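File shown here: my_file_9.cif, holding mmCIF, C-alpha atoms and all ligand atoms.
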```
data_query
#
loop_
_atom_site.group_PDB
_atom_site.id
_atom_site.type_symbol
_atom_site.label_atom_id
_atom_site.label_comp_id
_atom_site.auth_asym_id
_atom_site.auth_seq_id
_atom_site.Cartn_x
_atom_site.Cartn_y
_atom_site.Cartn_z
ATOM 1 C CA MET A 1 -7.100 15.209 -13.928
ATOM 2 C CA THR A 2 -4.353 14.332 -11.457
ATOM 3 C CA TRP A 3 -3.260 11.382 -9.311
ATOM 4 C CA LEU A 4 -2.230 11.503 -5.656
ATOM 5 C CA GLY A 5 0.340 9.204 -4.038
ATOM 6 C CA ILE A 6 0.839 8.860 -0.269
ATOM 7 C CA ASP A 7 3.916 7.006 1.002
ATOM 8 C CA ILE A 8 3.628 5.944 4.667
ATOM 9 C CA GLY A 9 7.277 5.593 5.668
ATOM 10 C CA GLY A 10 8.904 4.588 8.948
ATOM 11 C CA THR A 11 10.136 8.179 9.461
ATOM 12 C CA ASN A 12 8.209 10.457 7.084
ATOM 13 C CA THR A 13 4.961 10.309 5.163
ATOM 14 C CA LYS A 14 5.477 11.697 1.650
ATOM 15 C CA VAL A 15 2.881 12.932 -0.804
ATOM 16 C CA ALA A 16 3.235 13.410 -4.586
ATOM 17 C CA LEU A 17 0.792 14.732 -7.150
ATOM 18 C CA LEU A 18 1.159 13.547 -10.773
ATOM 19 C CA ASP A 19 -0.455 14.868 -13.940
ATOM 20 C CA ASP A 20 -3.181 13.049 -15.908
ATOM 21 C CA ALA A 21 -0.706 10.820 -17.785
ATOM 22 C CA ALA A 22 1.275 10.143 -14.570
ATOM 23 C CA SER A 23 4.319 11.450 -16.404
ATOM 24 C CA VAL A 24 5.033 14.742 -14.578
ATOM 25 C CA ILE A 25 5.505 15.326 -10.834
ATOM 26 C CA LEU A 26 3.410 18.442 -10.178
ATOM 27 C CA GLU A 27 3.914 18.810 -6.420
ATOM 28 C CA HIS A 28 5.334 16.880 -3.487
ATOM 29 C CA ASP A 29 5.636 17.229 0.280
ATOM 30 C CA SER A 30 6.889 15.376 3.363
ATOM 31 C CA THR A 31 5.793 15.371 7.036
ATOM 32 C CA PRO A 32 6.883 13.186 9.972
ATOM 33 C CA THR A 33 4.910 9.937 10.273
ATOM 34 C CA ASP A 34 2.778 9.627 13.416
ATOM 35 C CA ARG A 35 4.476 6.603 14.951
ATOM 36 C CA ALA A 36 2.323 6.432 18.108
ATOM 37 C CA ASP A 37 0.773 3.235 16.750
ATOM 38 C CA ALA A 38 -0.347 1.658 13.478
ATOM 39 C CA HIS A 39 -3.714 3.374 13.431
ATOM 40 C CA ALA A 40 -2.151 6.790 14.102
ATOM 41 C CA ALA A 41 0.118 6.376 11.057
ATOM 42 C CA VAL A 42 -2.868 5.488 8.852
ATOM 43 C CA ARG A 43 -5.062 8.273 10.281
ATOM 44 C CA HIS A 44 -2.291 10.795 9.575
ATOM 45 C CA ALA A 45 -2.077 9.561 5.972
ATOM 46 C CA ALA A 46 -5.874 9.780 5.658
ATOM 47 C CA GLU A 47 -5.880 13.374 6.957
ATOM 48 C CA LEU A 48 -3.092 14.333 4.559
ATOM 49 C CA GLY A 49 -5.040 12.731 1.721
ATOM 50 C CA ALA A 50 -8.212 14.632 2.636
ATOM 51 C CA HIS A 51 -6.278 17.905 2.765
ATOM 52 C CA TRP A 52 -4.829 17.341 -0.718
ATOM 53 C CA ALA A 53 -8.135 16.067 -2.123
ATOM 54 C CA ASN A 54 -9.859 19.272 -0.946
ATOM 55 C CA ARG A 55 -7.145 21.462 -2.458
ATOM 56 C CA HIS A 56 -7.181 19.544 -5.746
ATOM 57 C CA PRO A 57 -10.736 18.560 -6.744
ATOM 58 C CA ASP A 58 -9.314 17.159 -10.004
ATOM 59 C CA ILE A 59 -7.576 14.251 -8.195
ATOM 60 C CA ARG A 60 -8.983 11.131 -9.859
ATOM 61 C CA GLY A 61 -7.509 8.424 -7.686
ATOM 62 C CA VAL A 62 -5.196 7.892 -4.721
ATOM 63 C CA GLY A 63 -2.409 5.348 -4.223
ATOM 64 C CA VAL A 64 -1.002 4.511 -0.793
ATOM 65 C CA THR A 65 2.172 2.612 0.073
ATOM 66 C CA ILE A 66 2.301 0.089 2.882
ATOM 67 C CA PRO A 67 5.812 -0.551 4.261
ATOM 68 C CA GLY A 68 5.003 -4.241 4.402
ATOM 69 C CA HIS A 69 2.315 -6.583 3.168
ATOM 70 C CA PHE A 70 -1.451 -6.400 2.818
ATOM 71 C CA ASP A 71 -4.382 -8.383 1.495
ATOM 72 C CA ALA A 72 -5.138 -6.886 -1.930
ATOM 73 C CA ALA A 73 -8.735 -8.150 -1.876
ATOM 74 C CA THR A 74 -9.686 -6.549 1.444
ATOM 75 C CA GLY A 75 -7.199 -3.645 1.603
ATOM 76 C CA ARG A 76 -6.218 -4.716 5.117
ATOM 77 C CA ALA A 77 -2.603 -4.734 6.345
ATOM 78 C CA THR A 78 -0.985 -8.030 7.264
ATOM 79 C CA ILE A 79 2.705 -7.551 8.151
ATOM 80 C CA VAL A 80 4.341 -4.129 8.613
ATOM 81 C CA PRO A 81 7.775 -4.523 10.195
ATOM 82 C CA ASN A 82 9.019 -0.940 10.575
ATOM 83 C CA ILE A 83 6.189 1.070 12.145
ATOM 84 C CA PRO A 84 5.117 0.021 15.644
ATOM 85 C CA GLY A 85 1.625 -1.148 16.461
ATOM 86 C CA ARG A 86 -0.966 -3.734 15.561
ATOM 87 C CA TRP A 87 -1.180 -3.713 11.766
ATOM 88 C CA LEU A 88 -2.731 -7.142 11.255
ATOM 89 C CA GLY A 89 -6.235 -6.649 9.862
ATOM 90 C CA LEU A 90 -6.100 -2.831 9.943
ATOM 91 C CA PRO A 91 -8.465 -1.587 7.168
ATOM 92 C CA VAL A 92 -5.961 0.808 5.596
ATOM 93 C CA ARG A 93 -7.591 1.168 2.187
ATOM 94 C CA GLU A 94 -11.093 1.586 3.626
ATOM 95 C CA GLU A 95 -10.044 4.319 6.064
ATOM 96 C CA ILE A 96 -8.090 6.326 3.488
ATOM 97 C CA ALA A 97 -10.711 5.892 0.753
ATOM 98 C CA ALA A 98 -13.402 7.173 3.154
ATOM 99 C CA SER A 99 -11.265 10.193 3.942
ATOM 100 C CA VAL A 100 -10.294 11.133 0.343
ATOM 101 C CA SER A 101 -13.572 10.060 -1.366
ATOM 102 C CA ARG A 102 -11.615 8.709 -4.346
ATOM 103 C CA PRO A 103 -10.786 5.201 -5.651
ATOM 104 C CA THR A 104 -7.855 4.124 -3.462
ATOM 105 C CA THR A 105 -5.194 1.527 -4.312
ATOM 106 C CA LEU A 106 -2.588 0.035 -1.974
ATOM 107 C CA ILE A 107 0.955 -0.893 -3.033
ATOM 108 C CA ASN A 108 3.966 -2.309 -1.179
ATOM 109 C CA ASP A 109 6.608 0.424 -0.688
ATOM 110 C CA ALA A 110 9.400 -1.375 -2.574
ATOM 111 C CA ARG A 111 7.041 -2.060 -5.488
ATOM 112 C CA ALA A 112 6.145 1.656 -5.518
ATOM 113 C CA PHE A 113 9.847 2.560 -5.562
ATOM 114 C CA GLY A 114 10.502 0.266 -8.526
ATOM 115 C CA LEU A 115 7.463 1.400 -10.481
ATOM 116 C CA ALA A 116 8.387 5.069 -9.995
ATOM 117 C CA GLU A 117 12.019 4.566 -10.990
ATOM 118 C CA SER A 118 10.927 2.632 -14.099
ATOM 119 C CA ARG A 119 8.518 5.366 -15.275
ATOM 120 C CA LEU A 120 10.009 8.680 -14.127
ATOM 121 C CA GLY A 121 13.360 7.843 -12.566
ATOM 122 C CA ALA A 122 16.662 6.186 -13.433
ATOM 123 C CA ALA A 123 15.139 3.607 -15.835
ATOM 124 C CA ARG A 124 12.489 5.855 -17.395
ATOM 125 C CA ASP A 125 13.412 4.761 -20.936
ATOM 126 C CA SER A 126 13.315 1.024 -20.114
ATOM 127 C CA ALA A 127 10.336 -1.328 -20.429
ATOM 128 C CA ASN A 128 11.680 -4.252 -18.415
ATOM 129 C CA VAL A 129 13.145 -3.267 -15.080
ATOM 130 C CA VAL A 130 14.209 -4.974 -11.881
ATOM 131 C CA ALA A 131 14.425 -2.751 -8.799
ATOM 132 C CA LEU A 132 16.126 -3.405 -5.496
ATOM 133 C CA VAL A 133 15.864 -1.206 -2.412
ATOM 134 C CA LEU A 134 18.338 -1.794 0.388
ATOM 135 C CA GLY A 135 17.380 -0.637 3.864
ATOM 136 C CA THR A 136 16.097 -2.023 7.162
ATOM 137 C CA GLY A 137 14.885 -4.815 4.916
ATOM 138 C CA VAL A 138 15.657 -5.597 1.274
ATOM 139 C CA GLY A 139 12.720 -5.055 -1.080
ATOM 140 C CA GLY A 140 12.294 -5.342 -4.798
ATOM 141 C CA ALA A 141 10.022 -4.989 -7.776
ATOM 142 C CA VAL A 142 9.689 -6.427 -11.269
ATOM 143 C CA ILE A 143 8.325 -4.238 -14.088
ATOM 144 C CA LEU A 144 7.614 -6.052 -17.355
ATOM 145 C CA GLY A 145 6.500 -4.230 -20.481
ATOM 146 C CA GLY A 146 6.247 -1.026 -18.438
ATOM 147 C CA ARG A 147 3.781 -2.472 -15.925
ATOM 148 C CA LEU A 148 4.328 -3.701 -12.403
ATOM 149 C CA TYR A 149 4.268 -7.496 -12.260
ATOM 150 C CA ASN A 150 2.357 -8.349 -9.051
ATOM 151 C CA GLY A 151 2.330 -12.142 -9.072
ATOM 152 C CA GLN A 152 0.045 -14.006 -6.694
ATOM 153 C CA GLY A 153 -0.924 -11.985 -3.637
ATOM 154 C CA GLY A 154 1.280 -9.103 -4.819
ATOM 155 C CA LEU A 155 4.331 -11.059 -3.700
ATOM 156 C CA ALA A 156 6.334 -10.958 -6.954
ATOM 157 C CA GLY A 157 9.511 -8.940 -6.538
ATOM 158 C CA GLU A 158 10.587 -10.203 -3.114
ATOM 159 C CA ILE A 159 14.198 -10.341 -4.261
ATOM 160 C CA GLY A 160 15.384 -9.945 -0.671
ATOM 161 C CA HIS A 161 13.988 -13.369 0.185
ATOM 162 C CA MET A 162 15.742 -15.390 -2.487
ATOM 163 C CA VAL A 163 18.026 -17.864 -0.717
ATOM 164 C CA LEU A 164 21.674 -17.314 -1.672
ATOM 165 C CA LYS A 165 23.478 -19.156 1.098
ATOM 166 C CA ALA A 166 22.373 -22.608 2.201
ATOM 167 C CA ASP A 167 22.401 -22.704 6.027
ATOM 168 C CA GLY A 168 23.095 -18.956 6.077
ATOM 169 C CA PRO A 169 21.873 -16.631 8.834
ATOM 170 C CA SER A 170 18.231 -16.675 9.929
ATOM 171 C CA CYS A 171 15.976 -14.274 8.050
ATOM 172 C CA ARG A 172 12.975 -12.443 9.479
ATOM 173 C CA CYS A 173 10.782 -14.254 6.925
ATOM 174 C CA GLY A 174 11.500 -17.550 8.684
ATOM 175 C CA ASN A 175 13.922 -18.870 6.058
ATOM 176 C CA ARG A 176 17.733 -18.980 6.198
ATOM 177 C CA GLY A 177 20.408 -17.408 4.014
ATOM 178 C CA CYS A 178 18.122 -14.950 2.165
ATOM 179 C CA LEU A 179 19.710 -11.975 0.360
ATOM 180 C CA GLU A 180 18.118 -9.765 3.044
ATOM 181 C CA SER A 181 19.739 -11.707 5.878
ATOM 182 C CA LEU A 182 23.138 -11.040 4.258
ATOM 183 C CA THR A 183 22.754 -7.399 3.163
ATOM 184 C CA ARG A 184 20.164 -5.554 5.274
ATOM 185 C CA ALA A 185 21.277 -2.323 6.952
ATOM 186 C CA ASP A 186 21.971 -3.632 10.467
ATOM 187 C CA VAL A 187 23.978 -6.576 9.108
ATOM 188 C CA VAL A 188 26.200 -4.289 7.001
ATOM 189 C CA ALA A 189 26.613 -1.825 9.909
ATOM 190 C CA GLU A 190 27.564 -4.589 12.346
ATOM 191 C CA SER A 191 30.059 -6.009 9.891
ATOM 192 C CA ALA A 192 31.524 -2.515 9.364
ATOM 193 C CA GLY A 193 31.727 -1.890 13.127
ATOM 194 C CA THR A 194 29.407 1.124 12.942
ATOM 195 C CA ASP A 195 26.021 2.001 14.465
ATOM 196 C CA THR A 196 24.329 2.706 11.142
ATOM 197 C CA VAL A 197 24.812 1.877 7.499
ATOM 198 C CA ALA A 198 25.072 5.630 6.776
ATOM 199 C CA GLU A 199 28.114 5.763 9.040
ATOM 200 C CA ALA A 200 29.557 2.682 7.309
ATOM 201 C CA VAL A 201 29.156 4.466 3.957
ATOM 202 C CA VAL A 202 30.956 7.593 5.253
ATOM 203 C CA ARG A 203 33.821 5.498 6.632
ATOM 204 C CA ALA A 204 34.095 3.389 3.470
ATOM 205 C CA ARG A 205 34.299 6.503 1.334
ATOM 206 C CA ALA A 206 37.082 7.756 3.610
ATOM 207 C CA GLY A 207 38.986 4.515 2.965
ATOM 208 C CA ASP A 208 38.283 2.646 6.230
ATOM 209 C CA GLY A 209 39.269 -0.983 5.550
ATOM 210 C CA ARG A 210 36.623 -2.673 7.721
ATOM 211 C CA ALA A 211 33.787 -0.537 6.306
ATOM 212 C CA LEU A 212 35.008 -1.162 2.748
ATOM 213 C CA ALA A 213 35.115 -4.921 3.379
ATOM 214 C CA ALA A 214 31.558 -4.866 4.779
ATOM 215 C CA ILE A 215 30.165 -3.017 1.778
ATOM 216 C CA ASP A 216 32.193 -5.142 -0.620
ATOM 217 C CA ALA A 217 30.759 -8.329 0.926
ATOM 218 C CA ALA A 218 27.208 -6.959 0.622
ATOM 219 C CA ALA A 219 27.908 -5.874 -2.974
ATOM 220 C CA ARG A 220 29.007 -9.383 -3.907
ATOM 221 C CA TRP A 221 25.891 -11.003 -2.444
ATOM 222 C CA ILE A 222 23.711 -8.458 -4.221
ATOM 223 C CA GLY A 223 25.569 -9.130 -7.478
ATOM 224 C CA ILE A 224 25.014 -12.878 -7.104
ATOM 225 C CA GLY A 225 21.315 -12.395 -6.348
ATOM 226 C CA LEU A 226 20.792 -10.007 -9.229
ATOM 227 C CA ALA A 227 22.653 -12.346 -11.604
ATOM 228 C CA GLY A 228 19.967 -14.961 -11.016
ATOM 229 C CA VAL A 229 17.195 -12.444 -11.572
ATOM 230 C CA ALA A 230 18.870 -10.994 -14.692
ATOM 231 C CA THR A 231 19.369 -14.446 -16.216
ATOM 232 C CA LEU A 232 15.723 -15.307 -15.561
ATOM 233 C CA LEU A 233 14.167 -12.049 -16.808
ATOM 234 C CA THR A 234 16.779 -10.368 -19.082
ATOM 235 C CA PRO A 235 15.814 -6.870 -17.905
ATOM 236 C CA ASP A 236 16.899 -3.689 -19.723
ATOM 237 C CA ALA A 237 17.800 -2.017 -16.453
ATOM 238 C CA ILE A 238 18.386 -2.799 -12.786
ATOM 239 C CA VAL A 239 17.791 0.120 -10.399
ATOM 240 C CA ILE A 240 19.270 0.087 -6.904
ATOM 241 C CA GLY A 241 18.231 2.444 -4.099
ATOM 242 C CA GLY A 242 18.194 2.730 -0.319
ATOM 243 C CA GLY A 243 20.762 3.728 2.291
ATOM 244 C CA ILE A 244 23.721 1.609 1.202
ATOM 245 C CA ALA A 245 23.259 2.713 -2.424
ATOM 246 C CA GLN A 246 24.536 6.125 -1.263
ATOM 247 C CA ALA A 247 27.985 4.511 -1.171
ATOM 248 C CA GLY A 248 28.224 5.039 -4.943
ATOM 249 C CA GLU A 249 31.031 3.202 -6.723
ATOM 250 C CA VAL A 250 32.223 1.669 -3.438
ATOM 251 C CA LEU A 251 29.083 -0.460 -3.766
ATOM 252 C CA PHE A 252 28.404 -0.386 -7.494
ATOM 253 C CA ALA A 253 31.887 -1.350 -8.779
ATOM 254 C CA PRO A 254 32.143 -4.725 -6.963
ATOM 255 C CA LEU A 255 28.413 -5.319 -7.522
ATOM 256 C CA ARG A 256 28.689 -4.850 -11.306
ATOM 257 C CA LYS A 257 31.821 -7.020 -11.430
ATOM 258 C CA GLU A 258 30.114 -9.884 -9.595
ATOM 259 C CA LEU A 259 26.943 -9.514 -11.647
ATOM 260 C CA LEU A 260 28.785 -9.553 -14.990
ATOM 261 C CA GLU A 261 30.937 -12.526 -13.992
ATOM 262 C CA ARG A 262 27.826 -14.505 -13.117
ATOM 263 C CA THR A 263 25.712 -13.733 -16.182
ATOM 264 C CA PRO A 264 27.695 -15.447 -18.966
ATOM 265 C CA LEU A 265 24.586 -15.903 -21.134
ATOM 266 C CA LEU A 266 23.831 -12.180 -21.240
ATOM 267 C CA ALA A 267 25.605 -9.568 -23.343
ATOM 268 C CA PRO A 268 27.117 -7.075 -20.850
ATOM 269 C CA GLU A 269 25.703 -4.166 -22.853
ATOM 270 C CA SER A 270 22.182 -5.661 -22.806
ATOM 271 C CA PHE A 271 21.364 -4.206 -19.386
ATOM 272 C CA ARG A 272 22.379 -1.293 -17.202
ATOM 273 C CA VAL A 273 22.846 -1.163 -13.420
ATOM 274 C CA LEU A 274 21.704 2.249 -12.217
ATOM 275 C CA PRO A 275 21.515 4.129 -8.922
ATOM 276 C CA ALA A 276 17.998 5.320 -8.116
ATOM 277 C CA ALA A 277 17.240 8.863 -9.270
ATOM 278 C CA LEU A 278 14.043 10.016 -7.526
ATOM 279 C CA GLY A 279 15.331 10.087 -3.948
ATOM 280 C CA THR A 280 12.884 10.022 -1.057
ATOM 281 C CA ILE A 281 9.778 10.812 -3.131
ATOM 282 C CA ALA A 282 10.021 7.615 -5.216
ATOM 283 C CA GLY A 283 7.472 5.784 -3.016
ATOM 284 C CA ALA A 284 4.881 8.570 -3.255
ATOM 285 C CA VAL A 285 5.422 8.850 -7.023
ATOM 286 C CA GLY A 286 4.998 5.071 -7.379
ATOM 287 C CA ALA A 287 1.815 5.209 -5.275
ATOM 288 C CA ALA A 288 0.346 7.897 -7.544
ATOM 289 C CA THR A 289 1.429 5.834 -10.564
ATOM 290 C CA ILE A 290 -0.389 2.704 -9.353
ATOM 291 C CA ALA A 291 -3.503 4.834 -8.773
ATOM 292 C CA HIS A 292 -3.235 5.855 -12.450
ATOM 293 C CA ASP A 293 -2.664 2.253 -13.565
ATOM 294 C CA ALA A 294 -5.357 0.671 -11.350
ATOM 295 C CA PRO A 295 -8.207 -1.086 -13.173
ATOM 296 C CA ALA A 296 -10.806 0.876 -11.124
ATOM 297 C CA ALA A 297 -9.243 4.155 -12.256
ATOM 298 C CA ARG A 298 -9.121 3.025 -15.885
ATOM 299 C CA ARG A 299 -12.789 1.985 -15.736
ATOM 300 C CA SER A 300 -13.859 5.323 -14.329
ATOM 301 C CA ARG A 301 -11.710 7.143 -16.911
ATOM 302 C CA SER A 302 -13.168 5.210 -19.840
ATOM 303 C CA SER A 303 -16.718 5.899 -18.615
ATOM 304 C CA ILE A 304 -16.249 9.668 -18.761
HETATM 305 ZN ZN ZN A 401 13.948 -14.037 3.999
#
```

If you took the structure in this file and wrote it as structure tokens, what would it be?
Amino acid sequence: MTWLGIDIGGTNTKVALLDDAASVILEHDSTPTDRADAHAAVRHAAELGAHWANRHPDIRGVGVTIPGHFDAATGRATIVPNIPGRWLGLPVREEIAASVSRPTTLINDARAFGLAESRLGAARDSANVVALVLGTGVGGAVILGGRLYNGQGGLAGEIGHMVLKADGPSCRCGNRGCLESLTRADVVAESAGTDTVAEAVVRARAGDGRALAAIDAAARWIGIGLAGVATLLTPDAIVIGGGIAQAGEVLFAPLRKELLERTPLLAPESFRVLPAALGTIAGAVGAATIAHDAPAARRSRSSI
């Protein structure tokens, strides 16, 4: 038996196939997302799923990431910020399940990233993991005892929307001063005087003062945010991924310093701060993992 994960991303749609125990990545692939509109992106994912399901009759269940939010009860999308089109009410799970003829489970993309990194990636030997993914938005995930903690409505893990600065900049969630409003890609790029955060990272690594200051400021806010989360949850590991994480120690050194200074109750050696290890397939791996973990999949497995 195997598990299929499909990660609908803003640029590419990735697919990963995991073994029965969801512990080995058997195959993976990537194709450009159809960005014509929301339905085109979902239809493309459904077609990919059908193709893989035909090639691999042993696929037991399918997981699909949504780069935004959805209603877990109905499998319909609610808010998807980074792919154009009308997502509200789109029956994503229904359409993909009909196409793949397998139990299908949806998962937020940042939650999929965190779950994958906690099982097969940077924190694979840790039971309690906090994950943070820095990009167009700032997403997160909480894994407790090796399992994704969903919270009500699947909203647990929204680290990017913790308020760190009273009366700070407006956030796209409607609040002010959220971690995301201080550290998302366009904010860091603007502060660095570059068009993209990737360019800011290149300049910072070359020693550009303005780019270094921009990444240092983001690192400090991230360190402050993570200090609160670490004090609350005492995780074994914190995994950080996304564009700005490519900056390496330019980001991680000031981040660790801030985090350690602001967690006086925790022993410094009690947790590790790690760069993500799975790269661009993390979302697809996490999607396949949630298919494996899903109650529907476990029921059908136990009935065999
Ligand atoms: Zn917010």

Tell me which residues the PyMOL selection byres (((chain A and resi 290) around 9) and not hetatm) grabs here, as a ChimeraX atom specification.
/A:5,62-64,105-107,112,115,148,285-289,291-294

Would you export the selected residues with C-alpha atoms as a PDB file, keeping the file's coordinate frame, please?
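Below you can see result18.pdb, which holds the result:
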```pdb
ATOM      1  CA  GLY A   5       0.340   9.204  -4.038  1.00  0.00           C
ATOM      2  CA  VAL A  62      -5.196   7.892  -4.721  1.00  0.00           C
ATOM      3  CA  GLY A  63      -2.409   5.348  -4.223  1.00  0.00           C
ATOM      4  CA  VAL A  64      -1.002   4.511  -0.793  1.00  0.00           C
ATOM      5  CA  THR A 105      -5.194   1.527  -4.312  1.00  0.00           C
ATOM      6  CA  LEU A 106      -2.588   0.035  -1.974  1.00  0.00           C
ATOM      7  CA  ILE A 107       0.955  -0.893  -3.033  1.00  0.00           C
ATOM      8  CA  ALA A 112       6.145   1.656  -5.518  1.00  0.00           C
ATOM      9  CA  LEU A 115       7.463   1.400 -10.481  1.00  0.00           C
ATOM     10  CA  LEU A 148       4.328  -3.701 -12.403  1.00  0.00           C
ATOM     11  CA  VAL A 285       5.422   8.850  -7.023  1.00  0.00           C
ATOM     12  CA  GLY A 286       4.998   5.071  -7.379  1.00  0.00           C
ATOM     13  CA  ALA A 287       1.815   5.209  -5.275  1.00  0.00           C
ATOM     14  CA  ALA A 288       0.346   7.897  -7.544  1.00  0.00           C
ATOM     15  CA  THR A 289       1.429   5.834 -10.564  1.00  0.00           C
ATOM     16  CA  ALA A 291      -3.503   4.834  -8.773  1.00  0.00           C
ATOM     17  CA  HIS A 292      -3.235   5.855 -12.450  1.00  0.00           C
ATOM     18  CA  ASP A 293      -2.664   2.253 -13.565  1.00  0.00           C
ATOM     19  CA  ALA A 294      -5.357   0.671 -11.350  1.00  0.00           C
TER      20      ALA A 294
END
```

Considering only C-alpha atoms and all ligand atoms, state which residue in the set A:Arg172, A:His69, A:Arg205, A:Lys257 is at the smallest distance from ligand ZN 401 (chain A).
A:Arg172

Let me see if you get this right: every residue at most 6 Å from ligand ZN 401 (chain A), counting only C-alpha atoms and all ligand atoms, written as a VMD selection string.
chain A and resid 161 171 to 173 175 178

Range 36-39 of chain A surroundings by all atoms listed in the file, 9 Å radius, close-in-sequence under 6 positions cut, as a list in words:
Val80, Ile83, Pro84, Gly85, Arg86, Trp87, Leu90 and Val92 of chain A

Any chance you could resolve the PyMOL selection byres (((chain A and resi 74) around 10) and not hetatm) against this file and give the residues as an MDAnalysis selection string?
chainID A and resid 70:73 75:77 89:94

Apply the PyMOL selection byres (((chain A and resi 272) around 12) and not hetatm) to the displayed file and report the matching residues as a PyMOL selection string.
chain A and resi 122-123+125-126+128-131+226+230+234-240+252+256+259-260+266-271+273-275

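Distance check against Arg102 in chain A using all atoms listed in the file: of A:Asp167, A:Asp58, A:Glu190, A:Asp208, the minimum falls on A:Asp58.
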
Tell me, as JSON, numbers by chain, which residues lie within 6 Å of Gly283 in chain A, counting all atoms listed in the file; anything in the same chain fewer than 5 positions away does not count.
{"A": [7, 109, 112, 113]}

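Using all atoms listed in the file, the shortest contact distance between Ala200 in chain A and any of A:Glu249, A:Gly243, A:Glu158, A:Ala166 is found at A:Gly243.
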
Dump as a PyMOL selection string all residues having an atom at most 12 Å from (21.9, -16.1, -12.9), computed in the file's coordinates with all atoms listed in the file.
chain A and resi 164+222-234+258-266

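Closest to Thr196 in chain A among A:Gly135, A:Pro81, A:Pro103, A:Pro67 is A:Gly135, based on only C-alpha atoms.
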
Identify which of the residues A:Glu47, A:Glu117, A:Asp20, A:Asp34 lies closest to Ala277 in chain A, counting all atoms listed in the file when measuring atom-to-atom distances.
A:Glu117

Rounded to one decimal in Å, what is the spacing between CA of Arg210 in chain A and CA of Ala253 in chain A?
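Distance between the two atoms: 17.2 Å.
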
Could you give me, as a VMD selection string, the residues that have an atom at most 6 Å away from the point (17.2, -7.5, 4.2) in the coordinates of the file, using all atoms listed in the file?
chain A and resid 137 to 138 160 180 to 181 183 to 184

Work out how far apart CA of Gly114 in chain A and CA of Ile215 in chain A are and give it in Å to one decimal.
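So the answer is 22.4 Å.
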
Kindly indicate which residue among A:Leu26, A:Leu134, A:Gly139, A:Ile66 lies nearest to Ile244 in chain A, using all atoms listed in the file for the distances.
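Checking each candidate against Ile244 in chain A, we get A:Leu134 as the closest.
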